[in-house]
>>> print(open('start.cif').read())   # mmCIF, N, CA and C atoms
data_run
loop_
_atom_site.label_atom_id
_atom_site.label_comp_id
_atom_site.auth_asym_id
_atom_site.auth_seq_id
_atom_site.Cartn_x
_atom_site.Cartn_y
_atom_site.Cartn_z
N MET A 21 47.38 17.82 12.03
CA MET A 21 47.57 19.23 11.78
C MET A 21 49.07 19.51 11.63
N THR A 22 49.41 20.35 10.69
CA THR A 22 50.81 20.69 10.47
C THR A 22 51.31 21.60 11.58
N GLU A 23 52.63 21.71 11.68
CA GLU A 23 53.22 22.60 12.67
C GLU A 23 52.79 24.04 12.42
N ALA A 24 52.76 24.45 11.15
CA ALA A 24 52.33 25.82 10.82
C ALA A 24 50.88 26.04 11.22
N GLY A 25 50.04 25.05 11.00
CA GLY A 25 48.63 25.16 11.39
C GLY A 25 48.47 25.28 12.89
N ARG A 26 49.25 24.50 13.64
CA ARG A 26 49.19 24.54 15.10
C ARG A 26 49.65 25.90 15.62
N ILE A 27 50.74 26.42 15.06
CA ILE A 27 51.25 27.73 15.48
C ILE A 27 50.23 28.81 15.16
N THR A 28 49.64 28.75 13.99
CA THR A 28 48.64 29.74 13.59
C THR A 28 47.45 29.73 14.55
N ARG A 29 46.96 28.55 14.88
CA ARG A 29 45.82 28.43 15.80
C ARG A 29 46.15 29.02 17.17
N LEU A 30 47.35 28.76 17.66
CA LEU A 30 47.74 29.27 18.96
C LEU A 30 47.91 30.79 18.95
N PHE A 31 48.54 31.30 17.90
CA PHE A 31 48.73 32.75 17.82
C PHE A 31 47.39 33.47 17.64
N LYS A 32 46.46 32.88 16.92
CA LYS A 32 45.13 33.48 16.79
C LYS A 32 44.45 33.53 18.15
N ALA A 33 44.58 32.47 18.92
CA ALA A 33 43.96 32.43 20.25
C ALA A 33 44.56 33.49 21.15
N LEU A 34 45.83 33.80 20.97
CA LEU A 34 46.51 34.78 21.81
C LEU A 34 46.53 36.18 21.20
N SER A 35 45.78 36.39 20.12
CA SER A 35 45.79 37.68 19.45
C SER A 35 44.84 38.69 20.09
N VAL A 36 44.13 38.29 21.13
CA VAL A 36 43.20 39.16 21.83
C VAL A 36 43.75 39.42 23.24
N GLU A 37 43.85 40.69 23.59
CA GLU A 37 44.46 41.07 24.87
C GLU A 37 43.78 40.41 26.06
N THR A 38 42.47 40.31 26.03
CA THR A 38 41.74 39.70 27.15
C THR A 38 42.18 38.25 27.36
N ARG A 39 42.41 37.53 26.28
CA ARG A 39 42.84 36.13 26.42
C ARG A 39 44.24 36.04 27.00
N VAL A 40 45.10 36.96 26.61
CA VAL A 40 46.45 36.99 27.19
C VAL A 40 46.35 37.30 28.69
N ASP A 41 45.46 38.23 29.06
CA ASP A 41 45.24 38.53 30.47
C ASP A 41 44.72 37.31 31.21
N MET A 42 43.86 36.54 30.58
CA MET A 42 43.34 35.32 31.21
C MET A 42 44.45 34.31 31.44
N ILE A 43 45.32 34.15 30.45
CA ILE A 43 46.46 33.24 30.60
C ILE A 43 47.32 33.70 31.77
N ASP A 44 47.54 35.01 31.88
CA ASP A 44 48.35 35.55 32.97
C ASP A 44 47.71 35.24 34.33
N LEU A 45 46.40 35.39 34.44
CA LEU A 45 45.72 35.07 35.70
C LEU A 45 45.80 33.57 36.02
N LEU A 46 45.65 32.75 34.99
CA LEU A 46 45.65 31.30 35.20
C LEU A 46 47.04 30.73 35.46
N LYS A 47 48.08 31.55 35.26
CA LYS A 47 49.44 31.09 35.58
C LYS A 47 49.58 30.86 37.08
N HIS A 48 48.79 31.58 37.87
CA HIS A 48 48.94 31.54 39.33
C HIS A 48 48.09 30.48 40.00
N ARG A 49 46.87 30.26 39.46
CA ARG A 49 45.99 29.24 40.03
C ARG A 49 44.79 29.03 39.12
N SER A 50 44.09 27.95 39.33
CA SER A 50 42.88 27.70 38.53
C SER A 50 41.76 28.61 39.03
N LEU A 51 40.90 29.01 38.11
CA LEU A 51 39.81 29.93 38.44
C LEU A 51 38.54 29.51 37.71
N CYS A 52 37.39 29.86 38.29
CA CYS A 52 36.12 29.63 37.62
C CYS A 52 35.75 30.85 36.78
N VAL A 53 34.71 30.72 35.98
CA VAL A 53 34.30 31.78 35.07
C VAL A 53 34.00 33.08 35.84
N ASN A 54 33.28 32.97 36.94
CA ASN A 54 32.90 34.18 37.69
C ASN A 54 34.12 34.89 38.28
N ALA A 55 35.09 34.14 38.75
CA ALA A 55 36.31 34.75 39.30
C ALA A 55 37.10 35.44 38.19
N LEU A 56 37.17 34.81 37.02
CA LEU A 56 37.84 35.44 35.89
C LEU A 56 37.12 36.71 35.47
N ALA A 57 35.79 36.64 35.42
CA ALA A 57 35.00 37.81 35.02
C ALA A 57 35.23 38.98 35.97
N LYS A 58 35.22 38.70 37.26
CA LYS A 58 35.43 39.76 38.24
C LYS A 58 36.83 40.35 38.11
N SER A 59 37.84 39.51 37.95
CA SER A 59 39.22 39.99 37.84
C SER A 59 39.44 40.81 36.57
N LEU A 60 38.76 40.43 35.49
CA LEU A 60 38.96 41.09 34.21
C LEU A 60 38.01 42.25 33.96
N GLY A 61 36.96 42.33 34.78
CA GLY A 61 35.98 43.40 34.61
C GLY A 61 35.10 43.22 33.38
N ILE A 62 34.81 41.96 33.03
CA ILE A 62 33.94 41.66 31.90
C ILE A 62 32.86 40.68 32.36
N THR A 63 31.89 40.44 31.52
CA THR A 63 30.79 39.56 31.90
C THR A 63 31.22 38.08 31.87
N PRO A 64 30.55 37.26 32.67
CA PRO A 64 30.81 35.82 32.61
C PRO A 64 30.59 35.25 31.21
N ALA A 65 29.61 35.78 30.47
CA ALA A 65 29.36 35.30 29.11
C ALA A 65 30.57 35.58 28.21
N ALA A 66 31.16 36.76 28.36
CA ALA A 66 32.35 37.10 27.56
C ALA A 66 33.52 36.19 27.94
N VAL A 67 33.68 35.91 29.23
CA VAL A 67 34.74 35.01 29.68
C VAL A 67 34.55 33.63 29.06
N SER A 68 33.30 33.15 29.05
CA SER A 68 33.02 31.83 28.48
C SER A 68 33.39 31.76 27.01
N GLN A 69 33.12 32.82 26.27
CA GLN A 69 33.47 32.84 24.85
C GLN A 69 34.99 32.81 24.66
N HIS A 70 35.71 33.57 25.46
CA HIS A 70 37.18 33.57 25.38
C HIS A 70 37.74 32.21 25.79
N LEU A 71 37.16 31.62 26.83
CA LEU A 71 37.63 30.30 27.28
C LEU A 71 37.39 29.24 26.21
N ARG A 72 36.31 29.35 25.46
CA ARG A 72 36.05 28.41 24.37
C ARG A 72 37.19 28.44 23.36
N VAL A 73 37.64 29.64 23.02
CA VAL A 73 38.75 29.78 22.06
C VAL A 73 40.03 29.18 22.65
N LEU A 74 40.29 29.48 23.92
CA LEU A 74 41.50 28.96 24.57
C LEU A 74 41.46 27.45 24.72
N ARG A 75 40.28 26.90 25.00
CA ARG A 75 40.14 25.43 25.07
C ARG A 75 40.36 24.80 23.71
N ASN A 76 39.79 25.39 22.67
CA ASN A 76 39.95 24.86 21.31
C ASN A 76 41.41 24.88 20.87
N ALA A 77 42.17 25.85 21.39
CA ALA A 77 43.60 25.92 21.08
C ALA A 77 44.42 25.05 22.03
N ASP A 78 43.73 24.36 22.94
CA ASP A 78 44.36 23.44 23.89
C ASP A 78 45.25 24.17 24.90
N LEU A 79 44.95 25.46 25.15
CA LEU A 79 45.76 26.23 26.09
C LEU A 79 45.25 26.16 27.52
N VAL A 80 43.97 25.86 27.70
CA VAL A 80 43.42 25.70 29.05
C VAL A 80 42.68 24.39 29.14
N ILE A 81 42.57 23.91 30.37
CA ILE A 81 41.89 22.65 30.67
C ILE A 81 40.80 22.95 31.68
N ALA A 82 39.62 22.37 31.47
CA ALA A 82 38.49 22.54 32.38
C ALA A 82 38.44 21.37 33.35
N ASP A 83 38.32 21.69 34.63
CA ASP A 83 38.18 20.68 35.68
C ASP A 83 36.89 20.95 36.44
N ARG A 84 35.98 19.97 36.45
CA ARG A 84 34.73 20.14 37.19
C ARG A 84 35.00 19.88 38.67
N LYS A 85 34.56 20.85 39.50
CA LYS A 85 34.67 20.72 40.95
C LYS A 85 33.29 21.00 41.53
N GLY A 86 32.52 19.94 41.76
CA GLY A 86 31.15 20.11 42.23
C GLY A 86 30.31 20.77 41.15
N TYR A 87 29.68 21.89 41.51
CA TYR A 87 28.84 22.62 40.56
C TYR A 87 29.64 23.56 39.67
N PHE A 88 30.89 23.75 39.97
CA PHE A 88 31.70 24.74 39.26
C PHE A 88 32.71 24.06 38.35
N VAL A 89 33.10 24.79 37.31
CA VAL A 89 34.17 24.36 36.43
C VAL A 89 35.31 25.33 36.62
N HIS A 90 36.45 24.80 37.01
CA HIS A 90 37.64 25.62 37.18
C HIS A 90 38.56 25.40 35.98
N TYR A 91 39.18 26.47 35.54
CA TYR A 91 40.05 26.40 34.38
C TYR A 91 41.49 26.59 34.82
N ARG A 92 42.37 25.81 34.20
CA ARG A 92 43.79 25.91 34.50
C ARG A 92 44.56 25.86 33.19
N LEU A 93 45.80 26.31 33.24
CA LEU A 93 46.64 26.30 32.05
C LEU A 93 47.03 24.88 31.69
N ASN A 94 47.13 24.63 30.42
CA ASN A 94 47.68 23.38 29.92
C ASN A 94 49.17 23.63 29.73
N ARG A 95 49.94 23.36 30.75
CA ARG A 95 51.37 23.68 30.73
C ARG A 95 52.13 22.91 29.64
N ASP A 96 51.67 21.71 29.31
CA ASP A 96 52.30 20.96 28.22
C ASP A 96 52.11 21.68 26.89
N ALA A 97 50.91 22.20 26.65
CA ALA A 97 50.65 22.94 25.41
C ALA A 97 51.46 24.22 25.36
N LEU A 98 51.63 24.89 26.51
CA LEU A 98 52.44 26.10 26.53
C LEU A 98 53.90 25.79 26.25
N ALA A 99 54.39 24.67 26.76
CA ALA A 99 55.78 24.27 26.48
C ALA A 99 55.95 23.97 24.99
N ARG A 100 54.95 23.30 24.39
CA ARG A 100 55.02 23.03 22.95
C ARG A 100 54.98 24.33 22.16
N LEU A 101 54.16 25.29 22.61
CA LEU A 101 54.09 26.60 21.94
C LEU A 101 55.44 27.29 21.98
N ARG A 102 56.08 27.26 23.13
CA ARG A 102 57.40 27.88 23.27
C ARG A 102 58.41 27.20 22.33
N ASP A 103 58.39 25.88 22.29
CA ASP A 103 59.31 25.15 21.41
C ASP A 103 59.01 25.44 19.93
N ASP A 104 57.72 25.45 19.58
CA ASP A 104 57.34 25.74 18.19
C ASP A 104 57.76 27.16 17.80
N ALA A 105 57.54 28.11 18.70
CA ALA A 105 57.90 29.50 18.41
C ALA A 105 59.41 29.64 18.26
N ASP A 106 60.16 28.96 19.10
CA ASP A 106 61.63 28.99 18.97
C ASP A 106 62.07 28.45 17.61
N ARG A 107 61.49 27.33 17.20
CA ARG A 107 61.85 26.75 15.91
C ARG A 107 61.44 27.68 14.77
N PHE A 108 60.30 28.33 14.92
CA PHE A 108 59.79 29.19 13.86
C PHE A 108 60.59 30.48 13.73
N PHE A 109 60.92 31.11 14.87
CA PHE A 109 61.52 32.43 14.83
C PHE A 109 63.06 32.43 14.82
N LEU A 110 63.64 31.40 15.37
CA LEU A 110 65.11 31.39 15.47
C LEU A 110 65.72 30.74 14.24
N HIS A 111 66.69 31.41 13.71
CA HIS A 111 67.42 30.90 12.54
C HIS A 111 68.55 30.01 13.04
N GLU A 112 68.56 28.78 12.59
CA GLU A 112 69.63 27.87 13.01
C GLU A 112 70.80 28.00 12.04
N GLU A 113 71.98 28.17 12.59
CA GLU A 113 73.19 28.25 11.77
C GLU A 113 73.56 26.85 11.31
N GLU A 114 74.03 26.76 10.09
CA GLU A 114 74.42 25.45 9.56
C GLU A 114 75.87 25.18 9.84
#
>>> encode(input="start.cif", output="structure tokens")
Amino acid sequence: MTEAGRITRLFKALSVETRVDMIDLLKHRSLCVNALAKSLGITPAAVSQHLRVLRNADLVIADRKGYFVHYRLNRDALARLRDDADRFFLHEEE
């Protein structure tokens, strides 16, 4: 995938306020679907759909803990996003 394609995919994933709120919650600790749903005031089904988009963009990682799946941020992907955004938006002087 090209750099432009990767940036586009990430920005599309972050173009929904609920997903940005989820990223903000996951910055502090890993959470399961039900905990995210309660914190966000939406259904677990809606959380699962948003998490699918975030997983496909490689922004969150799923960890199975017994019967539950906890989601955490993919900090490496976020660092790459920051670096890609800097390269994209900042004009380098020659």
>>> select_by_dssp(input="start.cif", residues="chain A", states="alpha helix (DSSP H)", output="VMD selection string")
chain A and resid 23 to 33 37 to 46 53 to 60 64 to 76 95 to 109
>>> atom_distance(input="start.cif", atom1="atom N of Leu71 in chain A", atom2="atom N of Arg102 in chain A")
19.8 Å
>>> residues_around(input="start.cif", residues="Asp103 in chain A", least_positions_apart="5", cutoff="12 Å", atoms="only C-alpha atoms", output="PDB file with N, CA and C atoms, keeping the file's coordinate frame")
ATOM      1  N   GLU A  23      52.630  21.710  11.680  1.00  0.00           N
ATOM      2  CA  GLU A  23      53.220  22.600  12.670  1.00  0.00           C
ATOM      3  C   GLU A  23      52.790  24.040  12.420  1.00  0.00           C
ATOM      4  N   ARG A  26      49.250  24.500  13.640  1.00  0.00           N
ATOM      5  CA  ARG A  26      49.190  24.540  15.100  1.00  0.00           C
ATOM      6  C   ARG A  26      49.650  25.900  15.620  1.00  0.00           C
ATOM      7  N   ILE A  27      50.740  26.420  15.060  1.00  0.00           N
ATOM      8  CA  ILE A  27      51.250  27.730  15.480  1.00  0.00           C
ATOM      9  C   ILE A  27      50.230  28.810  15.160  1.00  0.00           C
ATOM     10  N   ASP A  96      51.670  21.710  29.310  1.00  0.00           N
ATOM     11  CA  ASP A  96      52.300  20.960  28.220  1.00  0.00           C
ATOM     12  C   ASP A  96      52.110  21.680  26.890  1.00  0.00           C
ATOM     13  N   ALA A  97      50.910  22.200  26.650  1.00  0.00           N
ATOM     14  CA  ALA A  97      50.650  22.940  25.410  1.00  0.00           C
ATOM     15  C   ALA A  97      51.460  24.220  25.360  1.00  0.00           C
ATOM     16  N   LEU A  98      51.630  24.890  26.510  1.00  0.00           N
ATOM     17  CA  LEU A  98      52.440  26.100  26.530  1.00  0.00           C
ATOM     18  C   LEU A  98      53.900  25.790  26.250  1.00  0.00           C
ATOM     19  N   PHE A 108      60.300  28.330  14.920  1.00  0.00           N
ATOM     20  CA  PHE A 108      59.790  29.190  13.860  1.00  0.00           C
ATOM     21  C   PHE A 108      60.590  30.480  13.730  1.00  0.00           C
ATOM     22  N   PHE A 109      60.920  31.110  14.870  1.00  0.00           N
ATOM     23  CA  PHE A 109      61.520  32.430  14.830  1.00  0.00           C
ATOM     24  C   PHE A 109      63.060  32.430  14.820  1.00  0.00           C
ATOM     25  N   LEU A 110      63.640  31.400  15.370  1.00  0.00           N
ATOM     26  CA  LEU A 110      65.110  31.390  15.470  1.00  0.00           C
ATOM     27  C   LEU A 110      65.720  30.740  14.240  1.00  0.00           C
TER      28      LEU A 110
END
>>> atom_distance(input="start.cif", atom1="CA of Ser50 in chain A", atom2="CA of His90 in chain A")
5.8 Å
>>> select_by_dssp(input="start.cif", residues="chain A", states="strand (DSSP E)", output="NGL selection string")
:A and (51-52 or 80-85 or 88-93)
>>> resolve_selection(input="start.cif", expression="the PyMOL selection byres (((chain A and resi 44 and name CA) around 12) and name CA)", output="NGL selection string")
:A and (34 or 37-43 or 45-51 or 56 or 59-60 or 79-80 or 92-93)
>>> atom_distance(input="start.cif", atom1="CA of Ala66 in chain A", atom2="CA of Asp78 in chain A")
18.6 Å
>>> closest_residue(input="start.cif", among="A:Ala99, A:Cys52, A:Val73, A:Arg84", to="Lys32 in chain A", atoms="only N, CA and C atoms")
A:Val73
>>> residues_around(input="start.cif", residues="Ala65 in chain A", least_positions_apart="6", cutoff="8 Å", atoms="all atoms listed in the file", output="JSON, numbers by chain")
{"A": [53, 54, 57, 71]}
>>> closest_residue(input="start.cif", among="A:Arg72, A:Ala24, A:Arg107, A:Ile81", to="Arg95 in chain A", atoms="only N, CA and C atoms")
A:Ile81
>>> axis_aligned_box(input="start.cif", around="range 97-107 of chain A", padding_each_side="4 Å", output="JSON")
{"center_x": 56.4, "center_y": 25.9, "center_z": 20.8, "size_x": 19.4, "size_y": 15.4, "size_z": 20.0}
